[in-house]
Amino acid sequence: MAVNRLIYLIISGLLWVNCSSPKILAPEPLPMASLDLDDSTEFRELDTLVVKADAKDESIGLQEQPTYRATTVRSFDLLHTKLEIRFDCSKELVIGSEILSLTTYFYPDSILILDAKDSDIQNISIGNQLIDQYSYDNEQIRINLGRLYTREEKFNVAINYLATPKQGKDGSAAITSDQGLFFINANGEEGNKPQQIWTQGETEFNSRWFPTIDKPNERSTQEIYLTVEDRFVTLSNGVLKNSTKNEDGTRTDYWVMDMPHAPYLFMLAVGEYAKVNDEWKGKEVSYYVEPEYEDDAREIFAHTPEMLSFFSTKTGIEYPWPKFSQIIVRDYVSGAMENTTAVIFGEFVQKHKRELIDNHNDGIVAHEMFHHWFGDYVTCESWSNLTLNEGFANYAEYLWLEHKYGKDEAEYHRLQEAQGYLYQAAQETHPLIDFAYADKENMFDAHSYNKGGLVLNMLRNLVGDEAFFESLNHYLTVHALNSVEVHDLRLAFEDITGLDLNWFFNQWYLSEGHPQLDFAYSWMPDNQSASLTIKQSQDGNLPLFVLPTSVEIYYENNRTERIEILIDSRDETITLELEEEPLVIVLDPDRELLAIINEEYTLDQYRRLYRPENSLTLRTVAISKLGNEEDPDNSGIILQAIQDPHWSVRRAALSAYNWEEHEEDQALLARVAKEDEHSMVKADAIYLLGDLGKDQYKDAIAQGINDVDPYPVVAASILALDLVDPEMAGVALKSIENESQSDIVAAISNIYGEAGDTSKLVYFEKHFRSVEGLPSLDFYQSLESLLQLTDAETKMIWMDKFETVATSGNSISPYTKIAATRSMISLLKSAEKKKNLLSEDQVTSLRAKIDRIISAEENPQIISIYQNFMNG
């Protein structure tokens, strides 16, 4: 699953949160001798058991064991699931019948427990015999099978039921609802929004629409008879075997998945879709999009067949499943989901070709695809081991970017992932393999995803590429169509490499945190040596890390030397005998370690660190430092970086350079604005041209306002032209005022907001619900500035609109919800200071609206943002 990681970016960009959590240490081995395993104890209940030591046993020391989330004990083996599903949309009801084929796992058993949340169980049969020996508590069905069954016996359980998934609502930052199955615009009353039905099974939510053993270490084959209105298209796991039109205007599609997979990966989707077909080695590759986007489907899911080949080659396991389909749904509760052979994406990936320029979906497509090896083919046995799914999918993004776009693009992505992890780690840390989580939903965080991928990158660098990918192949081959824990991964690497990797897995997977390294060096001319001092300054409760790494030494005449070192103590001193005094020494020059490195260099040394062949991190750090210091010697390096191989460094250099002071270089800026291959660099250069305020550049700037260039370029051109010639910009605005793309809308709203013309509120009325992503922050800020010029009644009318936006659930972009709420809180704070801005009753009403927004919000990360706005 790809979580909606923009929440972490919003938090880190808007505020700092100070909080602390108790450190969670990996648990001691489970003291089985202290458990009372009499006839009333069922192994299957151990998945949520808090195991406590015998209080009388003084030798144990601890009087209570910490919480230990044991893997669910498998009493039964679910072999096959047959479902017949139809819907009553007016009641948001699932009408289902199923036949489950099972056997006991090892021990004979007579009690079968199935997960089934908030369902109406109408009847149950064993074989062909109706039974009444079962109980149901709205969470689980406990079925008395009538006798003991052994593992040599296969039996069928048939259940007729009604399910009401909408009773579920609790979620997490990653998956904002546990409803399991969702009716979108069920009664067709929500304007132009399409009617859809879709599912979200992870973690254990599919048992809201069919009874099953809803655990990640279970798996079965499946078949689904899915009956819908004939106008709808359906999608499910596996292959569509046939479709039958019924006399009542419905159609029954028969989907079959003949390879076993975990119940949380079962899916269905229903809606009016355009299906665009592709092919890979004789297997169906298909894209389901809303009809408006049919011509864009191959660009939305660009490179899908190429990715299937790439990951098949990298893993040495040819894509094992019968098809690969991708579908986009409305109001999705997460980023995307790797349902086997049928991936679901949120609507944020659904864009027209022009919107996809320099804004592709490759990362999230690669993420979900790689799950078909790591997550679907080989599945984590418990949510404590979630990073065995998500860490690999996260790292797939790096692997694909490295392959398709080069090392720098992959490194840029890795830096973003590291920032996301470090932000969360500043608030709390836990082991990657976390047996003590408070709630399984908490595992979907920047540890399981970001840190998991970053640790795999370090493991790859440690053992080398050949050993890394051969070890992955071994892991997948040995555990094919099975569930795994972290030690299976370690043993696979040890089998291939012959190395003892306990130290690596203990510190990175089974312990928490990351190293913080204070690095310095000095030159000792008497013995021609450099003395390196490295202190691990992380909290003493965190591990002391063993860190194989290197230093790079810079000499005169652009000569460098790289020397491998080992850091394995709190205070490390390493002496290097060198032939001459170095100009600068850099620790971990490729920045491969997941670590915070504290280092200080002179400006001259930072200038030497900018070399196009250096790692992206070093180049970025160098330009950032040089740009913050006014030194004429920096200009030449910054100017050189404007030609850097990577667009992110070029952007940093553009903003760091003093263009007004260096008039002789402004022609270069104009050339970058016209010719740079990356739209974000062009957009920055265009805006900087406008900021110069020179009439000579207005025609060049105006050329960016067209219907061909990427939207960020057009938006920057509008803003830049307004700086140079507002009248000319006003004329140009008319040609794009009906454009609904968010970058354009934000740019126009910025101009209207600064103009202070309240008649332009009509424009804001048109777009306040539809603007999405980061541009919504600018849009609402501009709208807020206009509202300051209106009367109290108008302000409160708009506050009603803002509340509607902020409480619209998943149908509105998180950025938009946050932007609207921030503007409301801003007005409240202003009204509390300026007593004549709103009446007392209006202030009370506004405060109540904000309270309702916070109370209605289900995403804890967004709630935290709101609370910080209130307290800020």
# chains A, B, ... in the order shown; residues from 1 in each chain; ligands from 1
call {"tool": "residues_around", "arguments": {"residues": "Ile300 in chain A", "least_positions_apart": "4", "cutoff": "9 Å", "atoms": "only C-alpha atoms", "output": "PyMOL selection string"}}
result
chain A and resi 287+293+296+349-353+356+360-362
call {"tool": "write_last_selection", "arguments": {"atoms": "C-alpha atoms", "output": "PDB file, in the first residue's frame"}}
result
ATOM      1  CA  TYR A 287      -6.021   0.403 -17.036  1.00  0.00           C
ATOM      2  CA  TYR A 293      -9.269  10.135 -19.229  1.00  0.00           C
ATOM      3  CA  ASP A 296      -4.526   9.584 -21.079  1.00  0.00           C
ATOM      4  CA  VAL A 349      -3.136   9.963 -10.057  1.00  0.00           C
ATOM      5  CA  GLN A 350      -5.834  10.631 -12.677  1.00  0.00           C
ATOM      6  CA  LYS A 351      -4.496  13.475 -14.787  1.00  0.00           C
ATOM      7  CA  HIS A 352      -4.423  14.577 -18.393  1.00  0.00           C
ATOM      8  CA  LYS A 353      -1.188  14.280 -20.370  1.00  0.00           C
ATOM      9  CA  LEU A 356       1.818  14.584 -16.134  1.00  0.00           C
ATOM     10  CA  HIS A 360       4.547  11.315 -13.474  1.00  0.00           C
ATOM     11  CA  ASN A 361       3.055   8.489 -11.413  1.00  0.00           C
ATOM     12  CA  ASP A 362       6.044   6.155 -11.806  1.00  0.00           C
TER      13      ASP A 362
END
call {"tool": "residues_around", "arguments": {"residues": "Glu204 in chain A", "least_positions_apart": "3", "cutoff": "9 Å", "atoms": "only C-alpha atoms", "output": "PyMOL selection string"}}
result
chain A and resi 115+178+180+201+207-208+214-216+263-264
call {"tool": "residues_around", "arguments": {"residues": "Trp280 in chain A", "least_positions_apart": "4", "cutoff": "7 Å", "atoms": "only C-alpha atoms", "output": "number ranges by chain"}}
result
A: 284-285, 305
call {"tool": "write_last_selection", "arguments": {"atoms": "N, CA, C and O atoms", "output": "tab-separated table (two decimals), in the first residue's frame"}}
result
chain	number	residue	atom	x	y	z
A	284	GLU	N	-2.66	-10.14	-19.65
A	284	GLU	CA	-3.40	-8.89	-19.73
A	284	GLU	C	-2.79	-7.84	-18.82
A	284	GLU	O	-2.53	-8.08	-17.64
A	285	VAL	N	-2.59	-6.66	-19.37
A	285	VAL	CA	-2.28	-5.45	-18.60
A	285	VAL	C	-3.37	-4.46	-18.96
A	285	VAL	O	-3.59	-4.18	-20.14
A	305	PRO	N	4.24	-2.01	-18.65
A	305	PRO	CA	4.87	-3.24	-19.15
A	305	PRO	C	6.39	-3.25	-18.95
A	305	PRO	O	6.97	-4.29	-18.62
call {"tool": "closest_residue", "arguments": {"among": "A:Val94, A:Ile131, A:Leu587, A:Leu491", "to": "Thr164 in chain A", "atoms": "only C-alpha atoms"}}
result
A:Val94
call {"tool": "residues_around", "arguments": {"residues": "range 771-783 of chain A", "least_positions_apart": "4", "cutoff": "7 Å", "atoms": "only C-alpha atoms", "output": "PyMOL selection string"}}
result
chain A and resi 742-743+746+749-750+753+764+767+787+813+815-816+819-820+823
call {"tool": "closest_atom_pairs", "arguments": {"of": "range 408-521 of chain A", "to": "range 848-870 of chain A", "cutoff": "12 Å", "atoms": "only C-alpha atoms", "output": "JSON lines"}}
result
{"residue": "A:Gln424", "atom": "CA", "partner": "A:Gln861", "partner_atom": "CA", "distance": 11.1}
{"residue": "A:Glu441", "atom": "CA", "partner": "A:Pro860", "partner_atom": "CA", "distance": 11.6}
{"residue": "A:Asn442", "atom": "CA", "partner": "A:Pro860", "partner_atom": "CA", "distance": 10.6}
{"residue": "A:Asp445", "atom": "CA", "partner": "A:Gln861", "partner_atom": "CA", "distance": 10.9}
call {"tool": "residues_around", "arguments": {"residues": "range 682-698 of chain A", "least_positions_apart": "4", "cutoff": "8 Å", "atoms": "only C-alpha atoms", "output": "list in words"}}
result
Arg651, Leu654, Ser655, Trp659, Glu660, Leu669, Ala670, Val672, Ala673, Lys674, Glu675, Asp676, Glu677, His678, Ala702, Pro712, Val713, Val714, Ala715, Ala716, Ser717, Leu719, Ala720, Leu721, Asp722, Leu723, Val724 and Asp725 of chain A
call {"tool": "select_by_dssp", "arguments": {"residues": "range 770-871 of chain A", "states": "alpha helix (DSSP H)", "output": "PyMOL selection string"}}
result
chain A and resi 775-787+792-806+814-833+840-856+860-871
call {"tool": "decode", "arguments": {"residues": "range 259-275 of chain A", "atoms": "all heavy atoms", "output": "mmCIF file, in the first residue's frame"}}
result
data_model
loop_
_atom_site.group_PDB
_atom_site.id
_atom_site.type_symbol
_atom_site.label_atom_id
_atom_site.label_comp_id
_atom_site.auth_asym_id
_atom_site.auth_seq_id
_atom_site.Cartn_x
_atom_site.Cartn_y
_atom_site.Cartn_z
ATOM 1 N N MET A 259 -4.564 -18.748 -7.784
ATOM 2 C CA MET A 259 -3.355 -18.776 -6.959
ATOM 3 C C MET A 259 -3.716 -18.220 -5.586
ATOM 4 O O MET A 259 -4.432 -17.225 -5.484
ATOM 5 C CB MET A 259 -2.234 -17.943 -7.596
ATOM 6 C CG MET A 259 -1.755 -18.475 -8.931
ATOM 7 S SD MET A 259 -0.557 -17.353 -9.719
ATOM 8 C CE MET A 259 0.825 -17.454 -8.569
ATOM 9 N N PRO A 260 -3.240 -18.854 -4.509
ATOM 10 C CA PRO A 260 -3.644 -18.397 -3.173
ATOM 11 C C PRO A 260 -2.997 -17.069 -2.791
ATOM 12 O O PRO A 260 -1.833 -16.814 -3.080
ATOM 13 C CB PRO A 260 -3.160 -19.533 -2.263
ATOM 14 C CG PRO A 260 -2.016 -20.154 -3.001
ATOM 15 C CD PRO A 260 -2.363 -20.041 -4.460
ATOM 16 N N HIS A 261 -3.775 -16.218 -2.134
ATOM 17 C CA HIS A 261 -3.262 -14.956 -1.619
ATOM 18 C C HIS A 261 -4.038 -14.595 -0.360
ATOM 19 O O HIS A 261 -5.070 -15.183 -0.043
ATOM 20 C CB HIS A 261 -3.336 -13.850 -2.675
ATOM 21 C CG HIS A 261 -4.715 -13.514 -3.158
ATOM 22 N ND1 HIS A 261 -5.107 -12.237 -3.478
ATOM 23 C CD2 HIS A 261 -5.826 -14.279 -3.349
ATOM 24 C CE1 HIS A 261 -6.356 -12.228 -3.866
ATOM 25 N NE2 HIS A 261 -6.822 -13.447 -3.807
ATOM 26 N N ALA A 262 -3.525 -13.607 0.374
ATOM 27 C CA ALA A 262 -4.085 -13.274 1.683
ATOM 28 C C ALA A 262 -5.466 -12.642 1.548
ATOM 29 O O ALA A 262 -5.728 -11.888 0.604
ATOM 30 C CB ALA A 262 -3.143 -12.331 2.420
ATOM 31 N N PRO A 263 -6.371 -12.883 2.498
ATOM 32 C CA PRO A 263 -7.722 -12.314 2.417
ATOM 33 C C PRO A 263 -7.747 -10.793 2.339
ATOM 34 O O PRO A 263 -8.667 -10.237 1.727
ATOM 35 C CB PRO A 263 -8.391 -12.818 3.705
ATOM 36 C CG PRO A 263 -7.694 -14.116 3.990
ATOM 37 C CD PRO A 263 -6.270 -13.882 3.590
ATOM 38 N N TYR A 264 -6.774 -10.112 2.940
ATOM 39 C CA TYR A 264 -6.820 -8.646 2.869
ATOM 40 C C TYR A 264 -6.554 -8.121 1.464
ATOM 41 O O TYR A 264 -6.799 -6.945 1.175
ATOM 42 C CB TYR A 264 -5.860 -8.017 3.887
ATOM 43 C CG TYR A 264 -4.379 -8.037 3.520
ATOM 44 C CD1 TYR A 264 -3.826 -7.036 2.728
ATOM 45 C CD2 TYR A 264 -3.529 -9.027 4.007
ATOM 46 C CE1 TYR A 264 -2.469 -7.042 2.413
ATOM 47 C CE2 TYR A 264 -2.181 -9.040 3.702
ATOM 48 C CZ TYR A 264 -1.649 -8.039 2.908
ATOM 49 O OH TYR A 264 -0.318 -8.031 2.599
ATOM 50 N N LEU A 265 -6.092 -8.992 0.566
ATOM 51 C CA LEU A 265 -5.809 -8.609 -0.818
ATOM 52 C C LEU A 265 -6.984 -8.860 -1.762
ATOM 53 O O LEU A 265 -6.926 -8.482 -2.931
ATOM 54 C CB LEU A 265 -4.574 -9.363 -1.323
ATOM 55 C CG LEU A 265 -3.272 -9.043 -0.590
ATOM 56 C CD1 LEU A 265 -2.187 -10.051 -0.960
ATOM 57 C CD2 LEU A 265 -2.810 -7.631 -0.891
ATOM 58 N N PHE A 266 -8.058 -9.513 -1.266
ATOM 59 C CA PHE A 266 -9.256 -9.686 -2.084
ATOM 60 C C PHE A 266 -9.830 -8.296 -2.392
ATOM 61 O O PHE A 266 -9.820 -7.402 -1.547
ATOM 62 C CB PHE A 266 -10.319 -10.491 -1.335
ATOM 63 C CG PHE A 266 -10.038 -11.966 -1.209
ATOM 64 C CD1 PHE A 266 -8.749 -12.466 -1.103
ATOM 65 C CD2 PHE A 266 -11.094 -12.865 -1.174
ATOM 66 C CE1 PHE A 266 -8.516 -13.832 -0.964
ATOM 67 C CE2 PHE A 266 -10.876 -14.229 -1.039
ATOM 68 C CZ PHE A 266 -9.573 -14.714 -0.935
ATOM 69 N N MET A 267 -10.340 -8.121 -3.604
ATOM 70 C CA MET A 267 -10.900 -6.824 -3.957
ATOM 71 C C MET A 267 -12.023 -6.955 -4.957
ATOM 72 O O MET A 267 -12.145 -7.952 -5.662
ATOM 73 C CB MET A 267 -9.828 -5.885 -4.517
ATOM 74 C CG MET A 267 -9.328 -6.203 -5.920
ATOM 75 S SD MET A 267 -10.364 -5.620 -7.315
ATOM 76 C CE MET A 267 -10.163 -3.851 -7.203
ATOM 77 N N LEU A 268 -12.826 -5.902 -5.019
ATOM 78 C CA LEU A 268 -13.746 -5.694 -6.132
ATOM 79 C C LEU A 268 -13.897 -4.203 -6.339
ATOM 80 O O LEU A 268 -13.718 -3.394 -5.415
ATOM 81 C CB LEU A 268 -15.096 -6.380 -5.886
ATOM 82 C CG LEU A 268 -15.954 -5.969 -4.689
ATOM 83 C CD1 LEU A 268 -16.782 -4.708 -4.969
ATOM 84 C CD2 LEU A 268 -16.897 -7.106 -4.302
ATOM 85 N N ALA A 269 -14.194 -3.836 -7.563
ATOM 86 C CA ALA A 269 -14.484 -2.445 -7.907
ATOM 87 C C ALA A 269 -15.562 -2.441 -8.971
ATOM 88 O O ALA A 269 -15.576 -3.299 -9.871
ATOM 89 C CB ALA A 269 -13.239 -1.717 -8.407
ATOM 90 N N VAL A 270 -16.481 -1.491 -8.856
ATOM 91 C CA VAL A 270 -17.632 -1.390 -9.751
ATOM 92 C C VAL A 270 -17.798 0.080 -10.137
ATOM 93 O O VAL A 270 -17.713 0.963 -9.282
ATOM 94 C CB VAL A 270 -18.922 -1.894 -9.056
ATOM 95 C CG1 VAL A 270 -20.117 -1.756 -9.991
ATOM 96 C CG2 VAL A 270 -18.760 -3.334 -8.579
ATOM 97 N N GLY A 271 -18.028 0.341 -11.401
ATOM 98 C CA GLY A 271 -18.267 1.717 -11.822
ATOM 99 C C GLY A 271 -18.353 1.821 -13.337
ATOM 100 O O GLY A 271 -18.218 0.832 -14.057
ATOM 101 N N GLU A 272 -18.575 3.033 -13.804
ATOM 102 C CA GLU A 272 -18.609 3.290 -15.243
ATOM 103 C C GLU A 272 -17.202 3.724 -15.674
ATOM 104 O O GLU A 272 -16.809 4.874 -15.457
ATOM 105 C CB GLU A 272 -19.656 4.358 -15.563
ATOM 106 C CG GLU A 272 -21.069 3.858 -15.293
ATOM 107 C CD GLU A 272 -22.135 4.873 -15.663
ATOM 108 O OE1 GLU A 272 -22.323 5.825 -14.888
ATOM 109 O OE2 GLU A 272 -22.777 4.701 -16.716
ATOM 110 N N TYR A 273 -16.479 2.803 -16.251
ATOM 111 C CA TYR A 273 -15.074 3.008 -16.577
ATOM 112 C C TYR A 273 -14.809 2.787 -18.056
ATOM 113 O O TYR A 273 -15.496 2.000 -18.723
ATOM 114 C CB TYR A 273 -14.196 2.021 -15.790
ATOM 115 C CG TYR A 273 -14.015 2.377 -14.340
ATOM 116 C CD1 TYR A 273 -14.773 1.759 -13.353
ATOM 117 C CD2 TYR A 273 -13.074 3.324 -13.950
ATOM 118 C CE1 TYR A 273 -14.608 2.067 -12.016
ATOM 119 C CE2 TYR A 273 -12.891 3.641 -12.610
ATOM 120 C CZ TYR A 273 -13.657 3.018 -11.652
ATOM 121 O OH TYR A 273 -13.494 3.332 -10.324
ATOM 122 N N ALA A 274 -13.772 3.473 -18.534
ATOM 123 C CA ALA A 274 -13.159 3.100 -19.810
ATOM 124 C C ALA A 274 -12.008 2.161 -19.476
ATOM 125 O O ALA A 274 -11.190 2.465 -18.613
ATOM 126 C CB ALA A 274 -12.634 4.339 -20.527
ATOM 127 N N LYS A 275 -11.977 1.034 -20.149
ATOM 128 C CA LYS A 275 -10.899 0.069 -19.935
ATOM 129 C C LYS A 275 -9.943 0.133 -21.132
ATOM 130 O O LYS A 275 -10.365 -0.036 -22.277
ATOM 131 C CB LYS A 275 -11.456 -1.345 -19.784
ATOM 132 C CG LYS A 275 -10.375 -2.403 -19.578
ATOM 133 C CD LYS A 275 -10.959 -3.823 -19.583
ATOM 134 C CE LYS A 275 -9.864 -4.865 -19.437
ATOM 135 N NZ LYS A 275 -10.380 -6.254 -19.584
#
